[in-house]
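Q: My questions all concern the structure below.
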Amino acid sequence: MSGLPTVTPAAAPRLRLERVTKRYGAVVANDGVALTVQPGEIHSILGENGAGKSTLVKIIYGAVRPDAGVIEWNGRPVQIRSPHEARHLGVAMVFQHFSLFDTLTVAENVWLGLSRRVPLRAVVDGIRAKAAEYGLELEPDRAVHTLSVGERQRVEIVRALLAEPQLLILDEPTSVLTPQAVERLFVTLRQLAATGCSILYISHKLDEIRALCHQCTVLRGGRVTGTCDPTQETTASLSRLMIGAEPPRLVRRESERGALALRVRDLSLPRLDRFDVPLERVSLDVHAGEIVGIAGVSGNGQQELLAALSGEDPRAEDGAVRIFDQPIGRLHSAARRRLGLHFIPEERLGRGAVPSLSLASNLLLTRRESLRRFGWIDRGALRTQTSGIIERFNVKSGGPGAAARSLSGGNLQKYIVGREIDAVPKVLIVAQPTWGVDVGAAAQIRGELLALRDAGCAVLVVSEELDELFAMTDRLHVISKGRLSPSIATEAATVELVGEWMSGLWGEEAAGATAAAPGRAAGAPPAPGEAP
Amino acid sequence: MNQLALLVAATLSAGTPLALAGLGLLLNERAGVLNLGSEGIMLVAAVAGFGTALLTGNEWAAFAAGALAGAALSAVFGWLVIWLNTNQYATGLAISLFGSGFSAFVGIDLVGKQLVETPAPSVPLLRDLPFLGEALFKQHPMVYLVMTLAGAAAWFLYRTRAGLVLRAVGESPASAHALGYPVRRIRLAAVLAGGALCGVAGAYLSVVYTPLWVEGMVAGRGWIALALTVFATWRPARLLLGAYLFGGVTMLQLFLQAQGVQVAPQFMTMLPYVATVVVLVLISSNPLWIRLNMPASLGKPFFPGA
């Protein structure tokens with residue numbers, strides 16, 4: 001209990017929830033949830049996606065009204081009917097997907113978040129003062145769309161701090177940060193808690209919670225499964241509370257690297273509009289039988305690179321992207337798929353699958369086996385094929401006729417991954433394979449990708465989750481501001497090193513090693529990490 | 001020389017209703033609501049204004065009636081699209097069709113009626129300037145008012161907190177809602193203000209510009225005003241300029257016809273509309289220009305609490 005602030009027993013808790021329940025139709029998002037947050041306490045709400053964290057936070061922030069239950073604020077029962085009322089009480093929130101206005105400046109954004117009528121000039125001064133107090137660098141006059149994701153989060157935090165909150169809610173704040181930036185954020189939060197402000201920290205990352213929080217409330221399936229002092233717990237015991245089991249382990253075999261499958265050389269693309277990241281001389285190799293990972297903070301060119309590789313953006317020079325030495329830079333997605341390059345996008349609904357169509361119809365989008373002459377659909381064959389994938393990849397669904405959007409995130413992702421794996425790709429490009437997926441499904445998907453690798457497929461994984469990349473990949477690149485680092489063998493990589501590379505700091509001599517590779521590309525060049 | 005002065009004068013007058021309606025729609029769209037009903041709203045306001053002018057003989061009462069009628073019809077539109085989340089495009093078109101039918105029905109008895117002649121307005125002293133007096137200073141007060149209004153709109157949007165909130169709502173209603181702003185009420189206020197301005201534009205057409213009531217007399221100006229907001233990339237000063245440009249094209253064809261230029265009159269009447277299409281194509285050829293200025297949520301419904 002070392003980190004806990006001393007609280008006299010007589011003092012009322014900052015926030016107390018009792019028997020809070022919220023139903024959406026038949027689904028109970030929150031079921032009799034109790035939560036107590038003391039002044040100056042950093043309290044974490046831990047749970048998987050779909051455990052009811054977001055609903056609970058929305059209730060506290062007044063965005064959702066609970067069906068039943070009591071909320072006490074500083075010992076007084078309250079009804080929080082709107083975000084406006086919540087802010088009036090002294091609740092501030094930093095959103096997971098930032099609620100900033102891209103075309104406005106930092107100061108204007110902050111100004112909008114303040115309820116008091118203050119002139120803009122005073123806001124600019126206030127931002128400078130708060131930023132200095134907490135060591136957050138911020139330029140009030142810059143337009144938000146020119147800022148990096150980390151800087152945007154700083155805007156949100158400063159905006160929240162300027163409201164002088166008594167309770168600050170952070171929803172998955174580290175998902176967009178480099179490891180170094182996470183450390184800086186923690187320093188800021190501890191400093192804030194020391195002034196008496198309570199902090200509600202929403203996360204599913206166990207290490208972070210153990211490093212930062214004083215108290216922890218664990219949710220599973222909408223119910224509280226435990227309250228504990230995370231500093232006294234192990235990652236395994238927290239995991240048991242969160243998912244009811246220890247996290248499954250991945251079994252990895254040595255990779256057997258085969259021929260060069262995907263080769264990208266000096267791929268440069270100008271931006272399409274001001275909010276894009278231009279790609280600058282990106283080079284990478286993926287061989288058959290290996291998984292190559294690309295780490296990086298979101299918004300550093302991942303979307304643009306993926307679009308150029310998948311064929312959604314066929315502007316690349318023909319020879320800049322090759323599979324098995326065949327130039328494909330100008331081919332569209334379907335043509336690339338015919339050559340054996342398959343792509344699993346980050347957005348399941350809308351890009352990976354059409355939400356309102358059935359699983360069977362969604363299968364037809366990338367597969368042609370059940371098509372007969374003149375494009376007629378053989379419905380029987382389609383059903384059989386769909387059922388095969390559903391069975392093989394253990395997808396919980398209402399069968400081939402179920403609409404894609406009726407599946408949970410994890411099951412739909414399993415289906416989409418299964419659909420592409422079932423096509424026996426030669427090269428598979430996957431973006432964020434386990435984003436927003438529960439632990440069990442994530443483990444299964446990672447296992448399937450590893451099995452695909454062992455079967456001799458070349459796999460490229462783009463992810464923001466470092467743990468995932470360390471667990472799955474053979475080699476790692478880091479993308480930063482549209483430039484790609486040289487690769488490093490995953491065993492040789494450390495979180496610190498990758499974190500540095502995320503800020504764009506990799507040695508130019510190392511970059512020379514990749515640049516020298518093209519001459520030997522036909523064979524199997526050593527990974528630059530191993531190069532002399 | 002005198003011809004040119006007359007052309008400038010006519011251009012300012014022709015551009016005024018376009019600018020009025022365009023500024024209204026600009027405010028509307030800055031809040032994220034696309035009101036395709038402008039043509040119908042202007043027609044209903046035109047008939048309301050003309051009727052009021054006949055009864056009272058006071059053109060300012062007519063403008064007020066036009067503004068009220070415009071605000072009333074756009075209140076219906078606003079309620080439908082903001083609270084019931086009906087499709088903005090379809091609802092706007094329906095309002096437009098309703099407006100043209102309704103105005104024709106109500107206005108049957110007004111066709112052919114004459115308003116009492118009012119002395120031609122002008123600015124003392126300045127009207128006697130050579131050329132400039134004829135070109136600029138023998139105008140209806142509304143012509144000067146709309147210029148002031150464009151300045152006021154720019155100041156409101158870029159210099160006041162209320163304007164900032166309006167832009168924020170149009171940019172990202174979900175974020176504005178999360179910050180505690182009443183998105184729906186702000187949008188409704190913008191729709192009402194926009195409808196009122198369209199209404200004044202309609203009344204100006206039937207009471208000052210023509211001045212007559214004829215069925216369908218707005219003659220596509222509502223649509224041109226909608227195109228103008230895109231042309232102006234949602235900026236008031238550019239909108240004013242655009243309105244005069246289109247006013248100028250309209251007037252030019254009349255002048256050319258009067259000069260006896262041998263072109264089919266049907267072709268000349270087409271000119272303003274062709275100009276609209278050409279300008280829209282030119283503007284859209286630079287996607288950056290549009291995207292940086294266009295309210296990001298334009299035309300999209302907003303569901304609070306979703």
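Residues in the structure tokens are numbered from 1 in each chain, the chains being A, B, ... in the order shown, and ligands are numbered from 1 in the order shown.
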Using only C-alpha atoms, which chain B residues lie at most 10 Å away from chain A, written as a ChimeraX atom specification?

A: /B:159-162,164-165,167-182,287-289,291-296,304-306

Q: Using only N, CA and C atoms, please write the residues we just selected to a file, as an mmCIF file, in the first residue's frame.

A:
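Here's the written file again07.cif:
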data_model
loop_
_atom_site.group_PDB
_atom_site.id
_atom_site.type_symbol
_atom_site.label_atom_id
_atom_site.label_comp_id
_atom_site.auth_asym_id
_atom_site.auth_seq_id
_atom_site.Cartn_x
_atom_site.Cartn_y
_atom_site.Cartn_z
ATOM 1 N N ARG B 159 -14.033 35.069 -35.215
ATOM 2 C CA ARG B 159 -13.564 35.915 -34.118
ATOM 3 C C ARG B 159 -14.364 35.734 -32.826
ATOM 4 N N THR B 160 -15.439 34.962 -32.860
ATOM 5 C CA THR B 160 -16.233 34.820 -31.642
ATOM 6 C C THR B 160 -16.265 33.363 -31.201
ATOM 7 N N ARG B 161 -16.508 33.195 -29.916
ATOM 8 C CA ARG B 161 -16.580 31.846 -29.384
ATOM 9 C C ARG B 161 -17.795 31.101 -29.938
ATOM 10 N N ALA B 162 -18.914 31.838 -30.077
ATOM 11 C CA ALA B 162 -20.117 31.191 -30.607
ATOM 12 C C ALA B 162 -19.840 30.654 -32.009
ATOM 13 N N LEU B 164 -16.959 29.778 -33.175
ATOM 14 C CA LEU B 164 -16.057 28.628 -33.024
ATOM 15 C C LEU B 164 -16.859 27.369 -32.685
ATOM 16 N N VAL B 165 -17.830 27.530 -31.789
ATOM 17 C CA VAL B 165 -18.665 26.380 -31.412
ATOM 18 C C VAL B 165 -19.438 25.886 -32.630
ATOM 19 N N ARG B 167 -18.589 26.119 -35.793
ATOM 20 C CA ARG B 167 -17.675 25.394 -36.682
ATOM 21 C C ARG B 167 -17.344 24.032 -36.093
ATOM 22 N N ALA B 168 -17.180 23.985 -34.772
ATOM 23 C CA ALA B 168 -16.843 22.718 -34.121
ATOM 24 C C ALA B 168 -17.967 21.704 -34.317
ATOM 25 N N VAL B 169 -19.198 22.176 -34.211
ATOM 26 C CA VAL B 169 -20.339 21.274 -34.383
ATOM 27 C C VAL B 169 -20.362 20.722 -35.805
ATOM 28 N N GLY B 170 -20.028 21.565 -36.775
ATOM 29 C CA GLY B 170 -20.016 21.096 -38.153
ATOM 30 C C GLY B 170 -18.841 20.181 -38.437
ATOM 31 N N GLU B 171 -17.761 20.393 -37.723
ATOM 32 C CA GLU B 171 -16.557 19.605 -37.937
ATOM 33 C C GLU B 171 -16.724 18.203 -37.342
ATOM 34 N N SER B 172 -17.147 18.145 -36.097
ATOM 35 C CA SER B 172 -17.287 16.851 -35.446
ATOM 36 C C SER B 172 -18.345 16.923 -34.358
ATOM 37 N N PRO B 173 -19.597 16.653 -34.725
ATOM 38 C CA PRO B 173 -20.676 16.765 -33.740
ATOM 39 C C PRO B 173 -20.467 15.839 -32.540
ATOM 40 N N ALA B 174 -19.873 14.669 -32.778
ATOM 41 C CA ALA B 174 -19.683 13.740 -31.666
ATOM 42 C C ALA B 174 -18.730 14.345 -30.630
ATOM 43 N N SER B 175 -17.646 14.966 -31.107
ATOM 44 C CA SER B 175 -16.705 15.597 -30.179
ATOM 45 C C SER B 175 -17.363 16.747 -29.452
ATOM 46 N N ALA B 176 -18.126 17.555 -30.198
ATOM 47 C CA ALA B 176 -18.788 18.694 -29.569
ATOM 48 C C ALA B 176 -19.768 18.217 -28.500
ATOM 49 N N HIS B 177 -20.443 17.129 -28.805
ATOM 50 C CA HIS B 177 -21.382 16.562 -27.832
ATOM 51 C C HIS B 177 -20.636 16.078 -26.594
ATOM 52 N N ALA B 178 -19.503 15.424 -26.830
ATOM 53 C CA ALA B 178 -18.722 14.915 -25.696
ATOM 54 C C ALA B 178 -18.234 16.056 -24.820
ATOM 55 N N LEU B 179 -18.008 17.223 -25.423
ATOM 56 C CA LEU B 179 -17.573 18.377 -24.636
ATOM 57 C C LEU B 179 -18.747 19.050 -23.945
ATOM 58 N N GLY B 180 -19.954 18.588 -24.224
ATOM 59 C CA GLY B 180 -21.109 19.123 -23.524
ATOM 60 C C GLY B 180 -21.858 20.203 -24.273
ATOM 61 N N TYR B 181 -21.642 20.338 -25.588
ATOM 62 C CA TYR B 181 -22.399 21.341 -26.329
ATOM 63 C C TYR B 181 -23.700 20.732 -26.846
ATOM 64 N N PRO B 182 -24.784 21.494 -26.779
ATOM 65 C CA PRO B 182 -26.075 20.975 -27.264
ATOM 66 C C PRO B 182 -26.107 20.980 -28.789
ATOM 67 N N PRO B 287 -8.993 18.919 -54.728
ATOM 68 C CA PRO B 287 -9.694 18.322 -53.581
ATOM 69 C C PRO B 287 -9.225 18.896 -52.246
ATOM 70 N N LEU B 288 -7.950 19.279 -52.193
ATOM 71 C CA LEU B 288 -7.414 19.838 -50.950
ATOM 72 C C LEU B 288 -8.199 21.065 -50.519
ATOM 73 N N TRP B 289 -8.473 21.905 -51.494
ATOM 74 C CA TRP B 289 -9.125 23.170 -51.210
ATOM 75 C C TRP B 289 -10.462 22.933 -50.535
ATOM 76 N N ARG B 291 -11.467 20.021 -49.099
ATOM 77 C CA ARG B 291 -11.455 19.200 -47.899
ATOM 78 C C ARG B 291 -11.022 19.973 -46.652
ATOM 79 N N LEU B 292 -10.121 20.940 -46.849
ATOM 80 C CA LEU B 292 -9.659 21.682 -45.675
ATOM 81 C C LEU B 292 -10.711 22.653 -45.166
ATOM 82 N N ASN B 293 -11.652 23.012 -46.033
ATOM 83 C CA ASN B 293 -12.635 24.017 -45.629
ATOM 84 C C ASN B 293 -14.016 23.439 -45.395
ATOM 85 N N MET B 294 -14.286 22.305 -46.043
ATOM 86 C CA MET B 294 -15.638 21.767 -45.952
ATOM 87 C C MET B 294 -15.923 21.262 -44.543
ATOM 88 N N PRO B 295 -17.071 21.628 -43.978
ATOM 89 C CA PRO B 295 -17.423 21.076 -42.664
ATOM 90 C C PRO B 295 -17.462 19.548 -42.752
ATOM 91 N N ALA B 296 -16.671 18.883 -41.934
ATOM 92 C CA ALA B 296 -16.464 17.445 -42.107
ATOM 93 C C ALA B 296 -17.745 16.634 -41.943
ATOM 94 N N PRO B 304 -27.063 11.674 -30.730
ATOM 95 C CA PRO B 304 -26.400 11.816 -29.428
ATOM 96 C C PRO B 304 -26.589 10.537 -28.616
ATOM 97 N N GLY B 305 -25.580 10.223 -27.809
ATOM 98 C CA GLY B 305 -25.685 9.065 -26.923
ATOM 99 C C GLY B 305 -25.439 7.755 -27.615
ATOM 100 N N ALA B 306 -25.175 7.786 -28.913
ATOM 101 C CA ALA B 306 -24.924 6.527 -29.614
ATOM 102 C C ALA B 306 -23.504 6.057 -29.338
#

Q: Would you mind listing what lies within 8 Å of Gly78 in chain B as a ChimeraX atom specification, with only C-alpha atoms counted and same-chain residues fewer than 2 positions away left out?

A: /B:74-76,80-83,187-188,191-192

Q: Which residue, B:Leu110, B:Leu298, B:Leu166, B:Met268, has the smallest gap to Asn87 in chain B when you use only C-alpha atoms?

A: B:Leu298

Q: What's around Glu39 in chain B at 9 Å? Count only C-alpha atoms, leave out sequence neighbours fewer than 5 positions away in its own chain, and write the answer as a count of residues only.

A: 15

Q: I'd like the contact shell of Val155 in chain A - 8 Å cut-off, only C-alpha atoms, skipping same-chain residues fewer than 4 positions apart - returned as a list in words.

A: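 Here the qualifying residues turn out to be Val106, Val110, Leu138, Glu151 and Arg159 of chain A.
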
Q: Mind writing the picked residues with N, CA and C atoms as a PDB file, in the first residue's frame?

A:
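New file part-v9.pdb:
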ATOM      1  N   VAL A 106      -4.735  24.429 -31.510  1.00  0.00           N
ATOM      2  CA  VAL A 106      -4.678  23.870 -30.161  1.00  0.00           C
ATOM      3  C   VAL A 106      -5.467  24.745 -29.197  1.00  0.00           C
ATOM      4  N   VAL A 110      -8.823  23.840 -26.981  1.00  0.00           N
ATOM      5  CA  VAL A 110      -8.874  23.901 -25.525  1.00  0.00           C
ATOM      6  C   VAL A 110      -9.987  24.844 -25.087  1.00  0.00           C
ATOM      7  N   LEU A 138       3.892  22.073 -25.796  1.00  0.00           N
ATOM      8  CA  LEU A 138       2.692  22.293 -26.600  1.00  0.00           C
ATOM      9  C   LEU A 138       2.720  23.705 -27.164  1.00  0.00           C
ATOM     10  N   GLU A 151       1.148  14.196 -29.432  1.00  0.00           N
ATOM     11  CA  GLU A 151       0.907  15.612 -29.158  1.00  0.00           C
ATOM     12  C   GLU A 151      -0.573  15.900 -28.999  1.00  0.00           C
ATOM     13  N   ARG A 159      -6.168  20.263 -21.861  1.00  0.00           N
ATOM     14  CA  ARG A 159      -7.547  20.752 -21.829  1.00  0.00           C
ATOM     15  C   ARG A 159      -8.256  20.268 -20.569  1.00  0.00           C
TER      16      ARG A 159
END

Q: With distances taken over only C-alpha atoms, which of A:Leu56, A:Leu466, A:Leu306, A:Val218 is nearest to Ser237 in chain A?

A: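 So, comparing all the options, the nearest one is A:Val218.
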
Q: Report the closest atom pair, with its distance in Å rounded to one decimal, for each residue of range 205-287 of chain B that has an atom no farther than 9 Å from range 20-33 of chain B; count only C-alpha atoms, sort by chain and then rising residue number, and write it as a tab-separated table.

A:
residue	atom	partner	partner_atom	distance
B:Arg221	CA	B:Ala21	CA	8.6
B:Gly222	CA	B:Ala21	CA	7.1
B:Ile224	CA	B:Gly22	CA	8.3
B:Ala225	CA	B:Gly22	CA	4.6
B:Leu226	CA	B:Gly22	CA	6.4
B:Ala227	CA	B:Gly22	CA	8.5
B:Leu228	CA	B:Gly22	CA	6.3
B:Thr229	CA	B:Leu26	CA	5.7
B:Val230	CA	B:Leu26	CA	8.8
B:Trp234	CA	B:Leu26	CA	5.8
B:Arg235	CA	B:Leu26	CA	7.7
B:Pro236	CA	B:Leu23	CA	6.5
B:Leu239	CA	B:Gly22	CA	6.9
B:Leu240	CA	B:Leu23	CA	8.1
B:Ala243	CA	B:Gly22	CA	7.9

Q: Would you put the residues from that selection into a file with N, CA and C atoms, as a PDB file, in the first residue's frame?

A:
ATOM      1  N   ARG B 221     -32.424  30.376 -58.278  1.00  0.00           N
ATOM      2  CA  ARG B 221     -31.420  31.095 -57.464  1.00  0.00           C
ATOM      3  C   ARG B 221     -31.104  30.341 -56.169  1.00  0.00           C
ATOM      4  N   GLY B 222     -32.096  29.607 -55.669  1.00  0.00           N
ATOM      5  CA  GLY B 222     -31.851  28.800 -54.465  1.00  0.00           C
ATOM      6  C   GLY B 222     -30.767  27.772 -54.714  1.00  0.00           C
ATOM      7  N   ILE B 224     -28.461  27.973 -57.100  1.00  0.00           N
ATOM      8  CA  ILE B 224     -27.182  28.657 -57.332  1.00  0.00           C
ATOM      9  C   ILE B 224     -26.563  29.050 -55.993  1.00  0.00           C
ATOM     10  N   ALA B 225     -27.408  29.489 -55.050  1.00  0.00           N
ATOM     11  CA  ALA B 225     -26.885  29.860 -53.734  1.00  0.00           C
ATOM     12  C   ALA B 225     -26.226  28.653 -53.064  1.00  0.00           C
ATOM     13  N   LEU B 226     -26.816  27.477 -53.245  1.00  0.00           N
ATOM     14  CA  LEU B 226     -26.205  26.254 -52.692  1.00  0.00           C
ATOM     15  C   LEU B 226     -24.845  25.993 -53.326  1.00  0.00           C
ATOM     16  N   ALA B 227     -24.798  26.151 -54.646  1.00  0.00           N
ATOM     17  CA  ALA B 227     -23.524  25.947 -55.335  1.00  0.00           C
ATOM     18  C   ALA B 227     -22.506  26.973 -54.876  1.00  0.00           C
ATOM     19  N   LEU B 228     -22.998  28.184 -54.577  1.00  0.00           N
ATOM     20  CA  LEU B 228     -22.090  29.252 -54.154  1.00  0.00           C
ATOM     21  C   LEU B 228     -21.337  28.894 -52.876  1.00  0.00           C
ATOM     22  N   THR B 229     -22.001  28.188 -51.960  1.00  0.00           N
ATOM     23  CA  THR B 229     -21.310  27.871 -50.702  1.00  0.00           C
ATOM     24  C   THR B 229     -20.098  26.988 -50.984  1.00  0.00           C
ATOM     25  N   VAL B 230     -20.236  26.085 -51.949  1.00  0.00           N
ATOM     26  CA  VAL B 230     -19.100  25.250 -52.322  1.00  0.00           C
ATOM     27  C   VAL B 230     -18.047  26.101 -53.017  1.00  0.00           C
ATOM     28  N   TRP B 234     -17.013  27.750 -48.274  1.00  0.00           N
ATOM     29  CA  TRP B 234     -17.639  28.061 -46.983  1.00  0.00           C
ATOM     30  C   TRP B 234     -17.004  29.262 -46.278  1.00  0.00           C
ATOM     31  N   ARG B 235     -16.560  30.254 -47.081  1.00  0.00           N
ATOM     32  CA  ARG B 235     -16.034  31.481 -46.485  1.00  0.00           C
ATOM     33  C   ARG B 235     -16.870  32.669 -46.955  1.00  0.00           C
ATOM     34  N   PRO B 236     -17.336  33.506 -45.998  1.00  0.00           N
ATOM     35  CA  PRO B 236     -18.295  34.559 -46.329  1.00  0.00           C
ATOM     36  C   PRO B 236     -17.788  35.555 -47.376  1.00  0.00           C
ATOM     37  N   LEU B 239     -17.912  34.144 -50.689  1.00  0.00           N
ATOM     38  CA  LEU B 239     -19.295  33.933 -51.105  1.00  0.00           C
ATOM     39  C   LEU B 239     -19.867  35.210 -51.710  1.00  0.00           C
ATOM     40  N   LEU B 240     -19.563  36.342 -51.073  1.00  0.00           N
ATOM     41  CA  LEU B 240     -20.057  37.623 -51.574  1.00  0.00           C
ATOM     42  C   LEU B 240     -19.524  37.853 -52.987  1.00  0.00           C
ATOM     43  N   ALA B 243     -21.267  35.663 -55.438  1.00  0.00           N
ATOM     44  CA  ALA B 243     -22.625  36.124 -55.727  1.00  0.00           C
ATOM     45  C   ALA B 243     -22.592  37.219 -56.785  1.00  0.00           C
TER      46      ALA B 243
END

Q: Just the residues within 8 Å of range 1-14 of chain B, please, counting only C-alpha atoms, with nothing from its chain fewer than 6 positions along; format it as a PyMOL selection string.

A: chain B and resi 131-132+134-136+138-140+143+209+244-245+247-248+250-252+255

Q: Please indicate the distance in Å from CA of Val146 in chain B to CA of Ala193 in chain B, rounded to one decimal place.

A: 14.4 Å

Q: Could you pull the residues within 9 Å of Phe98 in chain B, counting only C-alpha atoms, minus those fewer than 5 positions along the same chain, as a list in words?

A: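 Close residues of Phe98 in chain B: Gly37, Gly40, Ile41, Leu93 and Ser103 of chain B.
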
Q: Pick out the residues sitting within 9 Å of Leu200 in chain A, and hand them over as a list in words; count only C-alpha atoms, and ignore anything fewer than 3 positions along from it in its own chain.

A: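 Here the qualifying residues turn out to be Val37, Glu41, Ile42, His43, Ser44, Ile45, Val57, Leu167, Leu168, Ile169, Leu170 and Asp171 of chain A.
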
Q: Ranking A:Asn411, A:Met502, A:Ile323, A:Pro165 by minimum distance to Pro39 in chain A and counting only C-alpha atoms, which one comes first?

A: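 With only C-alpha atoms as the atom set, the closest residue is A:Pro165.
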
Q: Among the residues of range 201-419 of chain A, find those DSSP assigns to alpha helix (DSSP H) from the backbone and print them as a PyMOL selection string.

A: chain A and resi 206-212+235-243+302-310+333-338+359-366+379-392+409-419

Q: Write the residues of the preceding selection, restricted to C-alpha atoms, as a CSV table (one decimal), in the first residue's frame.

A:
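Contents of out_39.csv, as written:
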chain,number,residue,atom,x,y,z
A,206,LEU,CA,-1.5,-5.4,-17.0
A,207,ASP,CA,2.1,-4.1,-16.7
A,208,GLU,CA,1.0,-0.5,-16.9
A,209,ILE,CA,-1.6,-1.0,-14.3
A,210,ARG,CA,0.9,-2.6,-11.9
A,211,ALA,CA,3.4,0.2,-12.5
A,212,LEU,CA,1.0,3.1,-12.1
A,235,THR,CA,0.5,-10.3,-14.0
A,236,ALA,CA,-0.8,-13.8,-13.9
A,237,SER,CA,-3.1,-13.2,-10.9
A,238,LEU,CA,-4.5,-10.1,-12.5
A,239,SER,CA,-5.0,-12.0,-15.7
A,240,ARG,CA,-7.0,-14.7,-13.8
A,241,LEU,CA,-9.3,-12.0,-12.5
A,242,MET,CA,-9.7,-10.4,-16.0
A,243,ILE,CA,-10.2,-13.5,-18.2
A,302,GLN,CA,1.0,2.5,-41.8
A,303,GLN,CA,-2.3,3.2,-43.6
A,304,GLU,CA,-0.5,4.5,-46.7
A,305,LEU,CA,2.0,1.7,-46.8
A,306,LEU,CA,-0.7,-0.9,-46.4
A,307,ALA,CA,-2.8,0.7,-49.1
A,308,ALA,CA,0.2,0.6,-51.5
A,309,LEU,CA,0.9,-3.0,-50.7
A,310,SER,CA,-2.6,-4.3,-50.8
A,333,SER,CA,-6.2,-5.6,-55.2
A,334,ALA,CA,-8.0,-8.4,-57.1
A,335,ALA,CA,-5.1,-8.8,-59.5
A,336,ARG,CA,-2.6,-9.0,-56.6
A,337,ARG,CA,-4.9,-11.5,-54.9
A,338,ARG,CA,-4.8,-13.7,-58.0
A,359,LEU,CA,-20.8,-14.4,-43.9
A,360,ALA,CA,-21.3,-16.4,-47.1
A,361,SER,CA,-21.7,-13.3,-49.2
A,362,ASN,CA,-18.6,-11.8,-47.6
A,363,LEU,CA,-16.7,-14.9,-48.6
A,364,LEU,CA,-17.5,-14.2,-52.2
A,365,LEU,CA,-15.8,-10.8,-51.9
A,366,THR,CA,-12.4,-12.3,-52.0
A,379,ARG,CA,-25.3,-21.3,-53.3
A,380,GLY,CA,-24.8,-24.9,-52.1
A,381,ALA,CA,-21.0,-24.8,-52.7
A,382,LEU,CA,-20.8,-21.4,-51.1
A,383,ARG,CA,-22.6,-22.6,-47.9
A,384,THR,CA,-20.4,-25.6,-47.7
A,385,GLN,CA,-17.3,-23.5,-48.1
A,386,THR,CA,-18.4,-20.9,-45.5
A,387,SER,CA,-19.4,-23.6,-43.0
A,388,GLY,CA,-15.9,-25.2,-43.6
A,389,ILE,CA,-14.2,-22.0,-42.5
A,390,ILE,CA,-16.6,-21.4,-39.6
A,391,GLU,CA,-15.8,-24.9,-38.3
A,392,ARG,CA,-12.1,-24.9,-39.0
A,409,GLY,CA,-15.3,-8.5,-32.9
A,410,GLY,CA,-13.2,-11.5,-32.0
A,411,ASN,CA,-15.3,-14.0,-33.9
A,412,LEU,CA,-15.6,-11.8,-37.0
A,413,GLN,CA,-11.8,-11.3,-37.0
A,414,LYS,CA,-11.4,-15.1,-36.7
A,415,TYR,CA,-13.7,-15.5,-39.7
A,416,ILE,CA,-11.8,-12.9,-41.8
A,417,VAL,CA,-8.4,-14.3,-40.9
A,418,GLY,CA,-9.8,-17.8,-41.6
A,419,ARG,CA,-11.2,-16.7,-45.0

Q: Which value, in Å to one decimal, gives the distance between CA of Ala264 in chain B and CA of Gly216 in chain B?

A: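 So the two atoms, CA of Ala264 in chain B and CA of Gly216 in chain B, lie 22.9 Å apart.
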